[in-house]
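Dropping final36.cif in here (mmCIF, C-alpha atoms):
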data_coords
#
loop_
_atom_site.label_atom_id
_atom_site.label_comp_id
_atom_site.auth_asym_id
_atom_site.auth_seq_id
_atom_site.Cartn_x
_atom_site.Cartn_y
_atom_site.Cartn_z
CA MET C 903 -23.75 46.38 9.21
CA ILE C 904 -22.89 48.31 6.11
CA GLN C 905 -23.62 52.03 6.42
CA LYS C 906 -24.44 54.42 3.63
CA VAL C 907 -21.95 57.20 3.02
CA ILE C 908 -22.91 60.79 2.32
CA LYS C 909 -21.47 62.54 -0.70
CA TYR C 910 -22.13 65.96 -2.13
CA LYS C 911 -22.56 66.82 -5.81
CA TYR C 912 -21.98 70.37 -6.96
CA GLU C 913 -21.32 71.78 -10.41
CA GLY C 914 -20.78 68.31 -11.90
CA ASN C 915 -18.26 67.20 -9.27
CA THR C 916 -18.72 64.72 -6.42
CA TYR C 917 -17.17 65.34 -3.00
CA ASP C 918 -16.70 62.72 -0.29
CA SER C 919 -17.39 65.17 2.53
CA PHE C 920 -18.86 68.61 3.13
CA ALA C 921 -15.42 69.80 4.21
CA GLN C 922 -13.98 68.66 0.88
CA LEU C 923 -16.71 70.60 -0.95
CA LYS C 924 -16.01 73.73 1.09
CA GLN C 925 -12.28 73.40 0.43
CA ALA C 926 -12.88 73.19 -3.33
CA TYR C 927 -14.85 76.45 -3.25
CA PRO C 928 -13.13 78.66 -0.65
CA TYR C 929 -14.79 81.79 -2.03
CA ILE C 930 -18.30 80.50 -1.21
CA SER C 931 -19.60 80.80 2.34
CA PHE C 932 -21.54 77.59 2.84
CA PRO C 933 -23.86 77.70 5.87
CA VAL C 934 -22.80 75.41 8.71
CA GLY C 935 -25.35 72.71 9.48
CA ALA C 936 -27.40 73.43 6.37
CA ASP C 937 -30.26 71.00 5.86
CA ALA C 938 -31.12 69.32 2.54
CA ASP C 939 -33.47 72.17 1.50
CA VAL C 940 -30.79 74.85 1.97
CA LEU C 941 -28.25 72.73 0.10
CA ALA C 942 -30.70 72.18 -2.76
CA THR C 943 -31.27 75.95 -2.95
CA LEU C 944 -27.51 76.36 -3.36
CA GLY C 945 -27.49 73.73 -6.09
CA ILE C 946 -25.80 71.11 -3.94
CA GLU C 947 -27.16 67.58 -4.08
CA LYS C 948 -26.69 65.45 -0.96
CA VAL C 949 -26.42 61.79 -1.95
CA GLU C 950 -26.52 58.82 0.41
CA GLU C 951 -25.26 55.59 -1.08
CA TYR C 952 -23.53 52.39 -0.09
CA PRO C 953 -19.84 52.00 -0.89
CA PRO C 954 -19.05 49.71 -3.85
CA LEU C 955 -20.29 46.16 -3.28
CA GLU C 956 -16.81 44.60 -3.34
CA ARG C 957 -15.63 47.04 -0.66
CA CYS C 958 -18.70 46.22 1.46
CA LYS C 959 -17.94 42.51 1.14
CA GLU C 960 -14.31 43.08 2.13
CA VAL C 961 -15.36 45.04 5.22
CA LEU C 962 -17.87 42.38 6.28
CA ILE C 963 -15.45 39.49 5.74
CA ASN C 964 -12.85 41.30 7.85
CA ALA C 965 -15.47 41.89 10.57
CA ALA C 966 -16.37 38.17 10.54
CA LYS C 967 -12.67 37.25 10.82
CA LEU C 968 -12.19 39.64 13.72
CA ARG C 969 -15.18 38.19 15.58
CA ARG C 970 -13.89 34.65 14.99
CA ASP C 971 -10.35 35.52 16.09
CA THR C 972 -11.60 37.34 19.19
CA ALA C 973 -13.82 34.40 20.18
CA GLU C 974 -10.92 31.98 19.72
CA VAL C 975 -8.89 33.61 22.49
CA ALA C 976 -11.81 34.04 24.88
CA PRO C 977 -11.53 32.21 28.22
CA VAL C 978 -12.27 28.47 28.12
CA GLU C 979 -14.59 26.79 30.62
CA TYR C 980 -13.64 23.28 31.69
CA LYS C 981 -14.85 21.28 34.70
CA GLY C 982 -16.19 24.35 36.48
CA ASN C 983 -13.06 26.44 35.99
CA THR C 984 -12.53 29.27 33.52
CA TYR C 985 -9.07 29.40 31.99
CA ASP C 986 -7.57 32.45 30.29
CA PHE C 987 -6.77 31.50 26.71
CA ASP C 988 -4.85 34.34 25.10
CA THR C 989 -1.50 33.54 23.46
CA LYS C 990 0.54 33.99 26.64
CA SER C 991 -1.89 31.87 28.68
CA ARG C 992 -1.84 29.08 26.08
CA ASP C 993 1.96 29.09 26.15
CA ARG C 994 1.93 28.85 29.94
CA LEU C 995 -0.59 26.00 29.83
CA ASP C 996 1.58 24.16 27.31
CA ILE C 997 4.65 24.53 29.53
CA ALA C 998 2.69 23.37 32.57
CA LEU C 999 1.38 20.37 30.62
CA LYS C 1000 4.93 19.35 29.71
CA ALA C 1001 6.12 19.80 33.30
CA LEU C 1002 3.22 17.78 34.72
CA THR C 1003 3.75 15.04 32.14
CA VAL C 1004 7.43 14.73 33.12
CA GLN C 1005 6.46 14.54 36.79
CA GLY C 1006 4.20 11.60 36.08
CA GLU C 1007 0.67 10.53 36.86
CA GLY C 1008 -0.92 12.27 39.82
CA ALA C 1009 1.18 15.43 39.48
CA THR C 1010 -0.72 18.66 40.14
CA ILE C 1011 -0.13 22.38 39.97
CA GLY C 1012 -1.93 25.39 41.43
CA TRP C 1013 -3.28 27.45 38.53
CA ALA C 1014 -4.65 30.98 38.44
CA MET C 1015 -8.01 31.03 36.69
CA ALA C 1016 -9.53 33.86 34.63
CA ASP C 1017 -11.29 35.22 37.74
CA ASN C 1018 -7.97 35.16 39.71
CA SER C 1019 -9.07 32.25 41.86
CA THR C 1020 -6.63 29.34 42.15
CA ALA C 1021 -7.43 25.73 41.35
CA VAL C 1022 -5.31 22.61 41.58
CA ILE C 1023 -5.16 21.02 38.13
CA THR C 1024 -3.59 18.03 36.42
CA ALA C 1025 -2.15 17.33 32.98
CA ALA C 1026 -5.50 15.74 32.08
CA ASP C 1027 -7.26 19.01 33.00
CA ILE C 1028 -4.95 20.97 30.72
CA MET C 1029 -5.51 18.47 27.90
CA GLY C 1030 -9.25 18.90 28.48
CA VAL C 1031 -8.91 22.67 28.13
CA PHE C 1032 -7.03 22.24 24.84
CA VAL C 1033 -9.64 19.77 23.52
CA THR C 1034 -12.48 22.10 24.54
CA SER C 1035 -10.71 24.95 22.79
CA ALA C 1036 -10.17 22.87 19.64
CA VAL C 1037 -13.86 21.98 19.47
CA ARG C 1038 -14.79 25.65 19.94
CA SER C 1039 -12.25 26.73 17.35
CA ASN C 1040 -13.58 24.26 14.80
CA ALA C 1041 -17.15 25.51 15.34
CA LEU C 1042 -15.98 29.12 14.97
CA HIS C 1043 -14.18 28.35 11.72
CA GLU C 1044 -17.20 26.47 10.34
CA ARG C 1045 -19.44 29.43 11.16
CA TYR C 1046 -16.94 31.84 9.57
CA ARG C 1047 -16.80 29.78 6.36
CA LYS C 1048 -20.62 29.84 6.12
CA GLN C 1049 -20.69 33.59 6.76
CA LYS C 1050 -17.98 34.21 4.16
CA ALA C 1051 -19.85 32.14 1.57
CA ALA C 1052 -23.04 34.12 2.27
CA ILE C 1053 -21.13 37.40 2.01
CA GLU C 1054 -19.50 36.42 -1.28
CA LYS C 1055 -22.89 35.30 -2.67
CA ALA C 1056 -24.67 38.58 -1.79
CA GLU C 1057 -25.58 40.80 -4.70
CA SER C 1058 -26.35 44.02 -2.81
CA ALA C 1059 -25.49 45.92 0.35
CA GLU C 1060 -29.05 45.29 1.55
CA GLU C 1061 -28.42 41.52 1.31
CA LEU C 1062 -25.13 41.95 3.17
CA ASN C 1063 -26.93 43.77 5.99
CA LYS C 1064 -29.16 40.71 6.52
CA ILE C 1065 -26.17 38.48 7.29
CA GLU C 1066 -25.75 37.89 11.04
CA LEU C 1067 -22.16 37.87 12.24
CA GLY C 1068 -22.99 37.17 15.87
CA ALA C 1069 -21.36 38.48 19.01
CA THR C 1070 -17.59 38.39 19.48
CA ASN C 1071 -17.91 36.14 22.54
CA GLU C 1072 -19.87 33.35 20.84
#
Go ahead and express the file in the form of structure tokens.
Amino acid sequence: MIQKVIKYKYEGNTYDSFAQLKQAYPYISFPVGADADVLATLGIEKVEEYPPLERCKEVLINAAKLRRDTAEVAPVEYKGNTYDFDTKSRDRLDIALKALTVQGEGATIGWAMADNSTAVITAADIMGVFVTSAVRSNALHERYRKQKAAIEKAESAEELNKIELGATNE
């Protein structure tokens, strides 16, 4: 969600923060925690506005990417087991798949699952985990592309705030 930023206008200048305003006028004792009425009395205008639209779009696209990337490395469920799927875990699964393939049909290995339980798995199980992950990854990338298109099409911050990015674990 895109948030409005508060700026302060005083004597024809705009300041990005109250501290910046105070620093520009060290000889004036601005009251701490002054409300809008007190500021107006001092001739200070408090303005709430969205950042520039292109910056808002950039922030939202990056948030969508982060959610997609986080979901891609979430644990994978396959045949009642939940496999860790971060980079190190994928590398380990790949090595185990190669080892089991060399050992031949029927070869098994004890594998630590995401919940620290151990299950006996086969090369076919590992292939199933990779296929499940690929299907999930494709769905995540499709959703991201739709979100990005909606973000790029938006003509205001209000429109951007209507775009649902979803949870990181979806």
query: Quick one: of C:Ser1058, C:Thr989, C:Thr984, C:Gln1005, who's nearest to C:Gly1030, counting only C-alpha atoms?
result: C:Thr984
task: Could you check how far atom CA of C:Cys958 sits from atom CA of C:Leu941, in Å to one decimal?
output: 28.2 Å
field: Output of the PyMOL selection byres ((chain C and resi 974) around 8), listed as a PyMOL selection string
entry: chain C and resi 970-973+975-976+1035+1038-1039+1042
message: I'd like the residues picked by the PyMOL selection byres ((chain C and resi 985) around 12) written out as a ChimeraX atom specification, using the chain letters and numbers from the file.
response: /C:975-984,986-988,990-992,994-995,1013-1021,1023,1027-1028,1030-1032,1034-1035
query: Contacts of C:Glu951 at 12 Å or less, counting only C-alpha atoms, minus same-chain residues fewer than 5 places along, as number ranges by chain?
result: C: 904-910, 918, 958, 1058-1060
- request: Quote the spacing between atom CA of C:Ala936 and atom CA of C:Asn915 in Å to one decimal place.
  value: 19.2 Å
- line: With distances taken over all atoms listed in the file, the candidate from C:Val961, C:Leu955, C:Ala1036, C:Leu968 nearest C:Lys1055 is C:Leu955
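This file, filtered with the PyMOL selection byres ((chain C and resi 1043-1048) around 9), gives the residues C:Ile963, C:Ala966, C:Lys967, C:Arg969, C:Arg970, C:Arg1038, C:Ser1039, C:Asn1040, C:Ala1041, C:Leu1042, C:Gln1049, C:Lys1050, C:Ala1051, C:Ala1052, C:Ile1053, C:Leu1067.
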What's the 8 Å shell around C:Val1022, counting all atoms listed in the file, without same-chain residues fewer than 6 positions away, as a PDB file with C-alpha atoms, in the frame of the given file?
ATOM      1  CA  THR C1010      -0.720  18.660  40.140  1.00  0.00           C
ATOM      2  CA  ILE C1011      -0.130  22.380  39.970  1.00  0.00           C
ATOM      3  CA  GLY C1012      -1.930  25.390  41.430  1.00  0.00           C
ATOM      4  CA  TRP C1013      -3.280  27.450  38.530  1.00  0.00           C
TER       5      TRP C1013
END
